[in-house]
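Okay, so here's the structure we're looking at.
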Amino acid sequence: MNTVITNFNQLDPNGNYTYADYLLWQFKERVELIKGKIFKMSPAPSRKHQDISWRLTREIDKTFSETSCKMYAAPFDIRLINHLVSTTDNKIISVVQPDLCVICDISKLDDKGCLGAPDLIIEILSPGNSNREMNIKFDLYQENGVKEYWIVNPSDETVYIYVLKNDKYIGLKPATNGTLLKSPTFENLNFPVKNIFDV
């Protein structure tokens with residue numbers, strides 16, 4: 001029987017874990033589980049990161065507030081289940097907490113979060129997480145069928161948009177400050193990029 005873990009250092013950094021293990025972790029650090037491996041999340045995001053997240057939330061809410069789609073901000077658990085025969089807790093090996101996500105198939109929602117791929121995931125880069133968002137999560141979200149993935153880079157005030165076509169992400173022209181961001185998946189989701197970066 002699995003035991004409750006109260007200190008992050010009790011975990012084996014080279015071990016393989018499942019969502020069933022994750023549910024027993026009661027330490028203060030926030031972690032994500034990607035293909036069974038533990039990824040410790042950065043300390044609390046900077047004020048600029050939080051400002052951008054809040055402004056994105058306001059812009060996106062304008063599109064989805066009158067629809068059945070739901071938007072969530074971190075910390076909110078997304079359990080990715082692509083190719084799993086069973087979705088029991090001890091079979092799920094990827095649990096992520098993106099900065100923002102939109103889920104339009106509400107049957108994926110339960111009291112624990114989301115079981116399956118959201119329609120839109122947005123990650124805001126921080127100094128300690130760029131590699132994870134640009135490489136590891138890019139591959140993970142592509143493999144799991146996340147329809148649209150935005151990587152927001154505060155340092156160059158750019159939003160990189162990737163849309164899933166034939167199971168592969170296609171990168172669009174970056175949305176930079178001074179241009180209009182347009183979602184290829186959601187026709188009503190568009191706004192000036194300056195609305196999120198002029199903080």
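Note on naming: chains are A, B, ... as they come in the structure tokens, residues start from 1 per chain, ligands start from 1 in the order shown.
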
Would you write out, as JSON lines, a table of all residues in range 67-161 of chain A that have an atom no more than 8 Å from an atom of range 48-51 of chain A, listing for each the closest atom pair and the distance in Å to one decimal, considering only C-alpha atoms and ordering rows by chain and rising residue number?
{"residue": "A:Ile124", "atom": "CA", "partner": "A:His49", "partner_atom": "CA", "distance": 7.0}
{"residue": "A:Ser126", "atom": "CA", "partner": "A:His49", "partner_atom": "CA", "distance": 7.5}
{"residue": "A:Pro154", "atom": "CA", "partner": "A:His49", "partner_atom": "CA", "distance": 7.5}

What would the file look like if the residues just selected were written as a tab-separated table (two decimals), in the first residue's frame with all heavy atoms?
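So selection-v7.tsv came out as:
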chain	number	residue	atom	x	y	z
A	124	ILE	N	3.08	30.44	-19.77
A	124	ILE	CA	3.84	31.69	-19.73
A	124	ILE	C	5.25	31.37	-19.28
A	124	ILE	O	5.45	30.79	-18.21
A	124	ILE	CB	3.17	32.71	-18.78
A	124	ILE	CG1	1.72	32.96	-19.19
A	124	ILE	CG2	3.97	34.02	-18.76
A	124	ILE	CD1	0.90	33.69	-18.15
A	126	SER	N	8.90	31.52	-17.74
A	126	SER	CA	9.63	32.12	-16.64
A	126	SER	C	11.07	31.69	-16.81
A	126	SER	O	11.35	30.71	-17.51
A	126	SER	CB	9.09	31.64	-15.30
A	126	SER	OG	7.76	32.07	-15.11
A	154	PRO	N	7.28	36.66	-22.05
A	154	PRO	CA	7.25	38.04	-21.57
A	154	PRO	C	8.47	38.85	-21.98
A	154	PRO	O	8.38	40.06	-22.18
A	154	PRO	CB	7.17	37.90	-20.05
A	154	PRO	CG	6.63	36.53	-19.83
A	154	PRO	CD	7.18	35.70	-20.95

Within 12 Å of range 179-185 of chain A: each range 38-87 of chain A residue with its shortest pair, only C-alpha atoms, as JSON lines:
{"residue": "A:Leu56", "atom": "CA", "partner": "A:Leu181", "partner_atom": "CA", "distance": 11.4}
{"residue": "A:Glu59", "atom": "CA", "partner": "A:Leu181", "partner_atom": "CA", "distance": 10.8}
{"residue": "A:Ile60", "atom": "CA", "partner": "A:Ser183", "partner_atom": "CA", "distance": 10.6}
{"residue": "A:Thr63", "atom": "CA", "partner": "A:Ser183", "partner_atom": "CA", "distance": 11.0}

Mind dumping the selected residues with N, CA, C and O atoms as a CSV table (one decimal), in the first residue's frame?
chain,number,residue,atom,x,y,z
A,56,LEU,N,-4.5,37.9,-19.8
A,56,LEU,CA,-4.9,36.8,-20.7
A,56,LEU,C,-6.3,36.3,-20.3
A,56,LEU,O,-7.1,36.1,-21.1
A,59,GLU,N,-9.0,38.6,-21.4
A,59,GLU,CA,-9.2,38.6,-22.8
A,59,GLU,C,-9.9,37.3,-23.3
A,59,GLU,O,-10.9,37.3,-24.1
A,60,ILE,N,-9.5,36.2,-22.7
A,60,ILE,CA,-10.1,34.9,-23.1
A,60,ILE,C,-11.5,34.8,-22.6
A,60,ILE,O,-12.4,34.2,-23.3
A,63,THR,N,-14.4,35.8,-24.8
A,63,THR,CA,-14.8,34.8,-25.9
A,63,THR,C,-15.6,33.7,-25.3
A,63,THR,O,-16.6,33.3,-25.9

**Request:** Write out as a PyMOL selection string all residues of range 18-188 of chain A that backbone DSSP assigns to strand (DSSP E).
**Result:** chain A and resi 31-34+37-40+70-73+78-80+94-96+100-103+109-110+113-115+120-124+148-153+158-165+168-171+175-176+180-182

Same residues, C-alpha atoms, saved as a PDB file, in the first residue's frame:
ATOM      1  CA  VAL A  31       5.250  19.435  -8.936  1.00  0.00           C
ATOM      2  CA  GLU A  32       4.144  18.085 -12.278  1.00  0.00           C
ATOM      3  CA  LEU A  33       4.384  14.500 -13.434  1.00  0.00           C
ATOM      4  CA  ILE A  34       5.461  14.017 -17.050  1.00  0.00           C
ATOM      5  CA  LYS A  37       9.012  11.652 -13.985  1.00  0.00           C
ATOM      6  CA  ILE A  38       8.817  14.398 -11.352  1.00  0.00           C
ATOM      7  CA  PHE A  39       9.307  18.011 -12.417  1.00  0.00           C
ATOM      8  CA  LYS A  40       9.505  20.523  -9.582  1.00  0.00           C
ATOM      9  CA  LYS A  70     -14.576  26.370 -19.144  1.00  0.00           C
ATOM     10  CA  MET A  71     -11.317  28.186 -18.424  1.00  0.00           C
ATOM     11  CA  TYR A  72      -9.035  27.331 -15.505  1.00  0.00           C
ATOM     12  CA  ALA A  73      -5.834  28.818 -14.102  1.00  0.00           C
ATOM     13  CA  ILE A  78      -4.730  18.098 -16.103  1.00  0.00           C
ATOM     14  CA  ARG A  79      -4.381  14.303 -16.263  1.00  0.00           C
ATOM     15  CA  LEU A  80      -3.219  13.360 -19.743  1.00  0.00           C
ATOM     16  CA  SER A  94       1.310  12.648 -16.699  1.00  0.00           C
ATOM     17  CA  VAL A  95      -0.280  15.359 -14.558  1.00  0.00           C
ATOM     18  CA  VAL A  96       0.398  18.989 -15.483  1.00  0.00           C
ATOM     19  CA  LEU A 100      -4.241  28.623 -18.297  1.00  0.00           C
ATOM     20  CA  CYS A 101      -6.389  26.097 -20.112  1.00  0.00           C
ATOM     21  CA  VAL A 102      -9.748  25.964 -21.875  1.00  0.00           C
ATOM     22  CA  ILE A 103     -11.859  22.803 -21.924  1.00  0.00           C
ATOM     23  CA  LEU A 109     -14.120  17.617 -15.942  1.00  0.00           C
ATOM     24  CA  ASP A 110     -14.436  16.093 -12.497  1.00  0.00           C
ATOM     25  CA  GLY A 113      -9.585  18.570 -12.480  1.00  0.00           C
ATOM     26  CA  CYS A 114      -9.534  17.485 -16.123  1.00  0.00           C
ATOM     27  CA  LEU A 115      -9.159  13.927 -17.412  1.00  0.00           C
ATOM     28  CA  LEU A 120      -6.322  25.190 -25.497  1.00  0.00           C
ATOM     29  CA  ILE A 121      -3.313  25.331 -23.188  1.00  0.00           C
ATOM     30  CA  ILE A 122      -1.322  28.491 -22.448  1.00  0.00           C
ATOM     31  CA  GLU A 123       2.069  28.478 -20.755  1.00  0.00           C
ATOM     32  CA  ILE A 124       3.839  31.694 -19.731  1.00  0.00           C
ATOM     33  CA  GLU A 148      -3.942  24.612 -29.658  1.00  0.00           C
ATOM     34  CA  TYR A 149      -0.916  25.536 -27.560  1.00  0.00           C
ATOM     35  CA  TRP A 150       0.311  29.060 -26.806  1.00  0.00           C
ATOM     36  CA  ILE A 151       3.746  29.823 -25.407  1.00  0.00           C
ATOM     37  CA  VAL A 152       3.833  33.358 -24.036  1.00  0.00           C
ATOM     38  CA  ASN A 153       7.287  34.930 -23.804  1.00  0.00           C
ATOM     39  CA  THR A 158       5.571  37.536 -28.148  1.00  0.00           C
ATOM     40  CA  VAL A 159       2.969  34.760 -28.224  1.00  0.00           C
ATOM     41  CA  TYR A 160       3.902  31.623 -30.140  1.00  0.00           C
ATOM     42  CA  ILE A 161       0.822  29.729 -31.334  1.00  0.00           C
ATOM     43  CA  TYR A 162       0.832  26.084 -32.357  1.00  0.00           C
ATOM     44  CA  VAL A 163      -2.187  24.335 -33.837  1.00  0.00           C
ATOM     45  CA  LEU A 164      -2.589  20.580 -34.203  1.00  0.00           C
ATOM     46  CA  LYS A 165      -2.848  19.317 -37.794  1.00  0.00           C
ATOM     47  CA  LYS A 168       1.601  17.444 -35.406  1.00  0.00           C
ATOM     48  CA  TYR A 169       1.882  21.041 -34.233  1.00  0.00           C
ATOM     49  CA  ILE A 170       2.158  23.666 -36.943  1.00  0.00           C
ATOM     50  CA  GLY A 171       3.647  26.953 -35.766  1.00  0.00           C
ATOM     51  CA  ALA A 175       2.006  37.347 -32.463  1.00  0.00           C
ATOM     52  CA  THR A 176       4.119  40.302 -31.368  1.00  0.00           C
ATOM     53  CA  LEU A 180      -3.516  41.179 -33.420  1.00  0.00           C
ATOM     54  CA  LEU A 181      -3.479  37.705 -31.917  1.00  0.00           C
ATOM     55  CA  LYS A 182      -5.931  35.400 -33.721  1.00  0.00           C
TER      56      LYS A 182
END

**Asked** Out of range 46-85 of chain A, which residues get helix (DSSP H, G or I) from DSSP, as a list of chain:residue names?
**Response**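 Output for range 46-85 of chain A, helix (DSSP H, G or I) only: A:Arg47, A:Lys48, A:His49, A:Gln50, A:Asp51, A:Ile52, A:Ser53, A:Trp54, A:Arg55, A:Leu56, A:Thr57, A:Arg58, A:Glu59, A:Ile60, A:Asp61, A:Lys62, A:Thr63, A:Phe64.
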
**Top pick for closest residue to Phe186 in chain A, considering A:Phe64, A:Phe27, A:Tyr22, A:Tyr17 and counting only C-alpha atoms** =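 Closest candidate: A:Phe64.
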
**Fill in**
Students should find that CA of Gly116 in chain A and CA of Ile81 in chain A are spaced 5.6 Å

**Item:** Among the residues A:Ile196, A:Val85, A:Leu11, A:Val146, the one that comes closest to Ala117 in chain A [using only C-alpha atoms]
**Value:** A:Val146

**Item:** Nearby residues (only C-alpha atoms) at most 6 Å from Asn177 in chain A, same-chain spacing under 4 positions excluded, as a VMD selection string
**Value:** chain A and resid 157 193 to 194

**Prompt:** Mind pulling up the distance from CA of Ala20 in chain A to CA of Asn90 in chain A?
**Reply:** 4.9 Å

**Message:** as a list of chain:residue names, please: the residues near Lys91 in chain A (cut-off 9 Å, only C-alpha atoms, same-chain neighbours under 2 positions excluded).
**Reply:**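 So the residues in contact are A:Thr18, A:Tyr19, A:Ala20, A:Ile81, A:Leu84, A:Val85, A:Ser86, A:Thr87, A:Thr88, A:Asp89, A:Ile93.
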
**Message:** If I take CA of Arg55 in chain A and CA of Leu189 in chain A, how far is one from the other in Å, to one decimal?
**Reply:** 13.9 Å

**Message:** From the options A:Thr6, A:Phe76, A:Gln142, A:Phe197, which residue's atoms come nearest to Asp111 in chain A, counting only C-alpha atoms?
**Reply:** A:Phe76

**Message:** Taking only C-alpha atoms into account, name the residue in A:Cys69, A:Asp21, A:Tyr141, A:Ile92 that is nearest to Ile106 in chain A.
**Reply:**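 Among the listed residues, the smallest separation from Ile106 in chain A belongs to A:Cys69.
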
**Message:** My list of candidates is A:Asp99, A:His83, A:Thr67, A:Ser130. Which is closest to Gly145 in chain A when distances are computed with only C-alpha atoms?
**Reply:**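 Of all the options, A:His83 lies closest to Gly145 in chain A.
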